[in-house]
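Asks: Okay, here's the structure, questions in a sec.
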Amino acid sequence: MIRFLFRAAVVAIVVALGGCDTGADAGTPGAMIPSAVIRQVTPVRGHFDDIVVAYGQGAAGSGGTRALTLPIDATLTGVDVAAGQHVNAGQVLASFVPTKAAAAARVAARSAVALARAQRERTARLLADHLATNDQLAQADKAMHDAEAAFAAQDTPHEKLQAPADGTVLTIDTLRGAQVAAGGTIMTLADTDCTGFAGGIEPADRARVHAGDTVALHALSGGRELPARVATVAGAVDPQSRLVGVTVSTSYPLIQGMAYRADIVVGSLAGWQLPADAVTGEEGARAVWQVRQGQAHRVPVTVVAQHGDQVLVAGAIEASLALVTVGATQLDEGIQVRPMDTP
């Protein structure tokens, strides 16, 4: 009788414990189910420009730099501009006086012109009287024209050096009071309509960039985008910068020496275009999250390009499934999700 009662008590305890386990597995009212509130969008295909970036500065374009000189030996008496200053065509840049030797040469050239003209007139009268030949008149004409050209080459109106075109003074090579030989550089000028960009690209991108490619120029200090085109691409690496030189031409005036970024369009990229905050994970383990039947599912992706707050990615994204943007970083595989605008 005692053994029977003991067995009955054991059976009762096991049944009671089994009942407790069954209740926990089945769940009780108020049990927490993991979930997250998200914002979602519909995946769309998109295209970005394939861009090679070059950094450099404003510089004179091809053929845009002038060396300003004088045709005679002179002493510089004044410099009216500074390096970096913008000037207009005809603006006085410097003043000077001819040296004594140059002044004497100019007087001699003027006398030679007067003599050649007189001789030409005399020869013409003799020809009219049949006392000279046409060849003699032609020789007199040539002598007169040569004398006039020699005098014009020494002509310096008002003893002033004037800007030949609108531009920017790059350098001033002669100080006030210095004597300058004929043909010596006084200053250099970059024409406004020949300004451009000079910079460099990585050698690996050399084969992708070509003359004529579309460019968007951005001043690193800020400002609007300036349209331009690639003018030249160097065929070798610069030994100092270890970059391949690139020049860009534009019809917009650039500030000489100012830092710019050149975005060179070399093609087009295709992929899934998404907000940047939709992509989670570190480099090499990027992913996005899509919603299937109210649950989040991780989809590995590769970032193709990024423009501002938009990215272009490649991966097995399903166009029919919503894609998580806000709240993506808090998700785990299979977690229940609910859009923000859902009650």
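Naming scheme: A, B, ... for chains in displayed order of the structure tokens; residues 1 onward per chain; ligands 1 onward as shown.
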At a cut-off of 12 Å, using only C-alpha atoms, what residues contact segment 203-215 of chain A? Leave out same-chain residues fewer than 6 positions from it and give the result as a PyMOL selection string.

Replies: chain A and resi 49-54+196-197+225-239+241-250+260-267

Asks: Save the residues we just selected, C-alpha atoms, as a PDB file, in the first residue's frame?

Replies:
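Produced file again.pdb, reproduced below:
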ATOM      1  CA  ASP A  49      27.993  58.954 -64.730  1.00  0.00           C
ATOM      2  CA  ASP A  50      31.261  57.031 -64.496  1.00  0.00           C
ATOM      3  CA  ILE A  51      33.626  59.717 -63.221  1.00  0.00           C
ATOM      4  CA  VAL A  52      37.395  60.059 -62.947  1.00  0.00           C
ATOM      5  CA  VAL A  53      38.385  62.836 -60.543  1.00  0.00           C
ATOM      6  CA  ALA A  54      41.350  65.153 -61.099  1.00  0.00           C
ATOM      7  CA  GLY A 196      41.779  76.477 -68.102  1.00  0.00           C
ATOM      8  CA  PHE A 197      42.588  73.812 -65.539  1.00  0.00           C
ATOM      9  CA  GLU A 225      29.680  74.040 -61.356  1.00  0.00           C
ATOM     10  CA  LEU A 226      31.448  75.100 -64.552  1.00  0.00           C
ATOM     11  CA  PRO A 227      31.117  73.046 -67.767  1.00  0.00           C
ATOM     12  CA  ALA A 228      34.358  72.184 -69.558  1.00  0.00           C
ATOM     13  CA  ARG A 229      36.089  69.569 -71.705  1.00  0.00           C
ATOM     14  CA  VAL A 230      39.364  67.673 -71.538  1.00  0.00           C
ATOM     15  CA  ALA A 231      41.950  69.404 -73.738  1.00  0.00           C
ATOM     16  CA  THR A 232      45.006  67.156 -73.349  1.00  0.00           C
ATOM     17  CA  VAL A 233      46.070  64.000 -71.509  1.00  0.00           C
ATOM     18  CA  ALA A 234      49.777  63.420 -70.898  1.00  0.00           C
ATOM     19  CA  GLY A 235      51.356  60.207 -72.080  1.00  0.00           C
ATOM     20  CA  ALA A 236      53.683  59.793 -69.088  1.00  0.00           C
ATOM     21  CA  VAL A 237      53.666  60.046 -65.299  1.00  0.00           C
ATOM     22  CA  ASP A 238      54.927  63.288 -63.792  1.00  0.00           C
ATOM     23  CA  PRO A 239      58.056  62.400 -61.775  1.00  0.00           C
ATOM     24  CA  SER A 241      53.387  64.257 -58.467  1.00  0.00           C
ATOM     25  CA  ARG A 242      53.388  60.627 -59.744  1.00  0.00           C
ATOM     26  CA  LEU A 243      50.174  61.505 -61.581  1.00  0.00           C
ATOM     27  CA  VAL A 244      49.281  61.763 -65.263  1.00  0.00           C
ATOM     28  CA  GLY A 245      48.834  65.390 -66.281  1.00  0.00           C
ATOM     29  CA  VAL A 246      45.460  66.543 -67.609  1.00  0.00           C
ATOM     30  CA  THR A 247      44.468  69.961 -68.947  1.00  0.00           C
ATOM     31  CA  VAL A 248      40.885  71.144 -69.269  1.00  0.00           C
ATOM     32  CA  SER A 249      39.561  74.036 -71.332  1.00  0.00           C
ATOM     33  CA  THR A 250      36.505  76.125 -70.471  1.00  0.00           C
ATOM     34  CA  TYR A 260      39.684  73.078 -58.445  1.00  0.00           C
ATOM     35  CA  ARG A 261      38.268  69.557 -58.748  1.00  0.00           C
ATOM     36  CA  ALA A 262      37.542  68.239 -62.234  1.00  0.00           C
ATOM     37  CA  ASP A 263      34.906  65.501 -62.526  1.00  0.00           C
ATOM     38  CA  ILE A 264      35.650  63.849 -65.875  1.00  0.00           C
ATOM     39  CA  VAL A 265      32.797  61.770 -67.341  1.00  0.00           C
ATOM     40  CA  VAL A 266      34.250  58.655 -68.968  1.00  0.00           C
ATOM     41  CA  GLY A 267      31.115  56.504 -69.290  1.00  0.00           C
TER      42      GLY A 267
END

Asks: Extract, using only C-alpha atoms, all DNA, RNA and protein residues at most 6 Å from Val337 of chain A, discarding same-chain residues fewer than 3 positions from it, and format them as a count of residues only.

Replies: 5

Asks: Considering only C-alpha atoms, return as a ChimeraX atom specification whatever protein or nucleic-acid residues lie within 10 Å of segment 64-72 of chain A, sequence-local ones (same chain, fewer than 3 positions apart) excluded.

Replies: /A:59-61,75,93,96-99,101-103,105-106,152-156,159-165,167-173,180-196

Asks: Could you take the residues named above and write them with N, CA and C atoms, as a compact mmCIF listing (two decimals), in the first residue's frame?

Replies:
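In the end it all went to again-v4.txt:
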# COMPACT_ATOMS: atom_id res chain seq x y z
N ALA A 59 44.82 77.57 -64.54
CA ALA A 59 46.07 77.84 -65.25
C ALA A 59 45.75 78.35 -66.63
N ALA A 60 46.72 78.97 -67.25
CA ALA A 60 46.54 79.44 -68.63
C ALA A 60 46.37 78.25 -69.55
N GLY A 61 45.41 78.35 -70.45
CA GLY A 61 45.19 77.28 -71.39
C GLY A 61 46.25 77.25 -72.48
N THR A 75 64.36 101.92 -70.06
CA THR A 75 64.41 101.88 -68.60
C THR A 75 62.98 101.95 -68.07
N LEU A 93 49.92 99.02 -68.37
CA LEU A 93 50.54 98.09 -67.43
C LEU A 93 51.84 98.65 -66.84
N PHE A 96 57.82 103.61 -69.41
CA PHE A 96 59.27 103.47 -69.61
C PHE A 96 59.78 104.67 -70.41
N VAL A 97 61.10 104.79 -70.47
CA VAL A 97 61.76 105.76 -71.35
C VAL A 97 62.83 105.03 -72.13
N PRO A 98 63.00 105.36 -73.41
CA PRO A 98 64.04 104.70 -74.21
C PRO A 98 65.43 105.07 -73.66
N THR A 99 66.38 104.18 -73.81
CA THR A 99 67.76 104.51 -73.49
C THR A 99 68.27 105.51 -74.54
N ALA A 101 70.75 105.31 -76.51
CA ALA A 101 71.06 104.61 -77.77
C ALA A 101 69.78 104.30 -78.54
N ALA A 102 68.74 103.88 -77.81
CA ALA A 102 67.47 103.56 -78.48
C ALA A 102 66.83 104.81 -79.05
N ALA A 103 66.92 105.92 -78.31
CA ALA A 103 66.36 107.17 -78.81
C ALA A 103 67.09 107.62 -80.07
N ALA A 105 68.66 105.69 -82.21
CA ALA A 105 68.30 104.77 -83.28
C ALA A 105 66.93 105.11 -83.85
N ARG A 106 66.03 105.55 -82.98
CA ARG A 106 64.70 105.92 -83.44
C ARG A 106 64.77 107.17 -84.33
N ALA A 152 58.53 101.62 -87.71
CA ALA A 152 57.34 101.16 -86.99
C ALA A 152 57.70 100.14 -85.92
N ALA A 153 58.75 99.34 -86.18
CA ALA A 153 59.16 98.33 -85.21
C ALA A 153 59.68 98.96 -83.93
N GLN A 154 60.10 100.21 -84.01
CA GLN A 154 60.62 100.91 -82.83
C GLN A 154 59.60 101.85 -82.21
N ASP A 155 58.38 101.85 -82.78
CA ASP A 155 57.37 102.78 -82.30
C ASP A 155 56.78 102.30 -80.98
N THR A 156 56.72 103.15 -80.00
CA THR A 156 56.14 102.83 -78.68
C THR A 156 55.25 104.00 -78.28
N GLU A 159 55.06 105.92 -74.83
CA GLU A 159 56.03 105.24 -73.95
C GLU A 159 55.31 104.46 -72.84
N LYS A 160 54.24 103.75 -73.23
CA LYS A 160 53.44 102.96 -72.29
C LYS A 160 53.34 101.52 -72.79
N LEU A 161 53.39 100.57 -71.87
CA LEU A 161 53.12 99.17 -72.19
C LEU A 161 51.66 98.90 -71.86
N GLN A 162 50.89 98.48 -72.88
CA GLN A 162 49.46 98.28 -72.70
C GLN A 162 49.10 96.81 -72.86
N ALA A 163 47.99 96.40 -72.20
CA ALA A 163 47.51 95.02 -72.28
C ALA A 163 46.97 94.76 -73.68
N PRO A 164 47.43 93.71 -74.36
CA PRO A 164 46.95 93.41 -75.71
C PRO A 164 45.56 92.76 -75.71
N ALA A 165 45.12 92.25 -74.56
CA ALA A 165 43.82 91.59 -74.47
C ALA A 165 43.42 91.52 -73.00
N GLY A 167 42.85 89.83 -69.58
CA GLY A 167 43.56 88.69 -69.01
C GLY A 167 43.97 88.93 -67.58
N THR A 168 44.85 88.06 -67.09
CA THR A 168 45.36 88.13 -65.72
C THR A 168 46.88 88.17 -65.75
N VAL A 169 47.44 89.11 -65.01
CA VAL A 169 48.89 89.21 -64.92
C VAL A 169 49.42 88.04 -64.11
N LEU A 170 50.25 87.21 -64.71
CA LEU A 170 50.79 86.04 -64.01
C LEU A 170 52.05 86.39 -63.24
N THR A 171 52.99 87.04 -63.91
CA THR A 171 54.26 87.39 -63.27
C THR A 171 54.70 88.77 -63.71
N ILE A 172 55.45 89.43 -62.85
CA ILE A 172 56.13 90.68 -63.20
C ILE A 172 57.63 90.40 -63.09
N ASP A 173 58.32 90.47 -64.23
CA ASP A 173 59.69 89.98 -64.30
C ASP A 173 60.74 91.08 -64.24
N VAL A 180 65.81 97.37 -69.51
CA VAL A 180 65.34 96.17 -70.19
C VAL A 180 65.84 96.19 -71.63
N ALA A 181 66.44 95.11 -72.07
CA ALA A 181 66.89 95.01 -73.44
C ALA A 181 65.70 94.77 -74.36
N ALA A 182 65.83 95.17 -75.60
CA ALA A 182 64.77 94.94 -76.57
C ALA A 182 64.43 93.45 -76.62
N GLY A 183 63.15 93.12 -76.49
CA GLY A 183 62.72 91.72 -76.50
C GLY A 183 62.73 91.06 -75.15
N GLY A 184 63.24 91.75 -74.11
CA GLY A 184 63.25 91.17 -72.76
C GLY A 184 61.85 91.18 -72.15
N THR A 185 61.52 90.12 -71.42
CA THR A 185 60.18 90.00 -70.84
C THR A 185 60.02 90.94 -69.65
N ILE A 186 58.96 91.73 -69.68
CA ILE A 186 58.64 92.63 -68.57
C ILE A 186 57.63 91.96 -67.64
N MET A 187 56.62 91.32 -68.23
CA MET A 187 55.63 90.57 -67.44
C MET A 187 54.96 89.56 -68.35
N THR A 188 54.25 88.58 -67.75
CA THR A 188 53.50 87.60 -68.52
C THR A 188 52.02 87.76 -68.22
N LEU A 189 51.21 87.50 -69.25
CA LEU A 189 49.77 87.71 -69.17
C LEU A 189 49.06 86.46 -69.67
N ALA A 190 48.03 86.03 -68.94
CA ALA A 190 47.19 84.91 -69.37
C ALA A 190 45.88 85.47 -69.90
N ASP A 191 45.58 85.20 -71.16
CA ASP A 191 44.34 85.70 -71.76
C ASP A 191 43.13 85.11 -71.05
N THR A 192 42.12 85.95 -70.83
CA THR A 192 40.91 85.49 -70.14
C THR A 192 40.22 84.39 -70.91
N ASP A 193 40.15 84.50 -72.24
CA ASP A 193 39.44 83.49 -73.03
C ASP A 193 40.26 82.23 -73.27
N CYS A 194 41.44 82.16 -72.66
CA CYS A 194 42.28 80.96 -72.80
C CYS A 194 42.61 80.35 -71.45
N THR A 195 41.83 80.68 -70.41
CA THR A 195 42.09 80.10 -69.10
C THR A 195 41.59 78.66 -69.07
N GLY A 196 42.17 77.87 -68.20
CA GLY A 196 41.78 76.48 -68.10
C GLY A 196 42.19 75.89 -66.77

Asks: Give me the residues near segment 117-124 of chain A as a list of chain:residue names, where near means some atom within 10 Å (using only C-alpha atoms) and where sequence neighbours in that chain fewer than 4 positions away do not count.

Replies: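 Contacts, with the query itself left out: A:Ser111, A:Ala112, A:Val113, A:Ala128, A:Asp129, A:His130, A:Leu131, A:Ala132, A:Thr133, A:Asn134, A:Gln136, A:Leu137, A:Ala138, A:Gln139, A:Ala140, A:Asp141, A:Lys142, A:Ala143, A:Met144, A:His145, A:Ala147, A:Glu148.
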
Asks: Here is a test: counting only C-alpha atoms, which residue of A:Ala114, A:Ala83, A:Leu76, A:Ile317 is nearest to Gly177 of chain A?

Replies: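 The answer is A:Leu76, which sits nearest to Gly177 of chain A.
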
Asks: Could you please determine the separation between atom CA of Gly284 of chain A and atom CA of Phe48 of chain A in Å, to one decimal place?

Replies: 21.3 Å
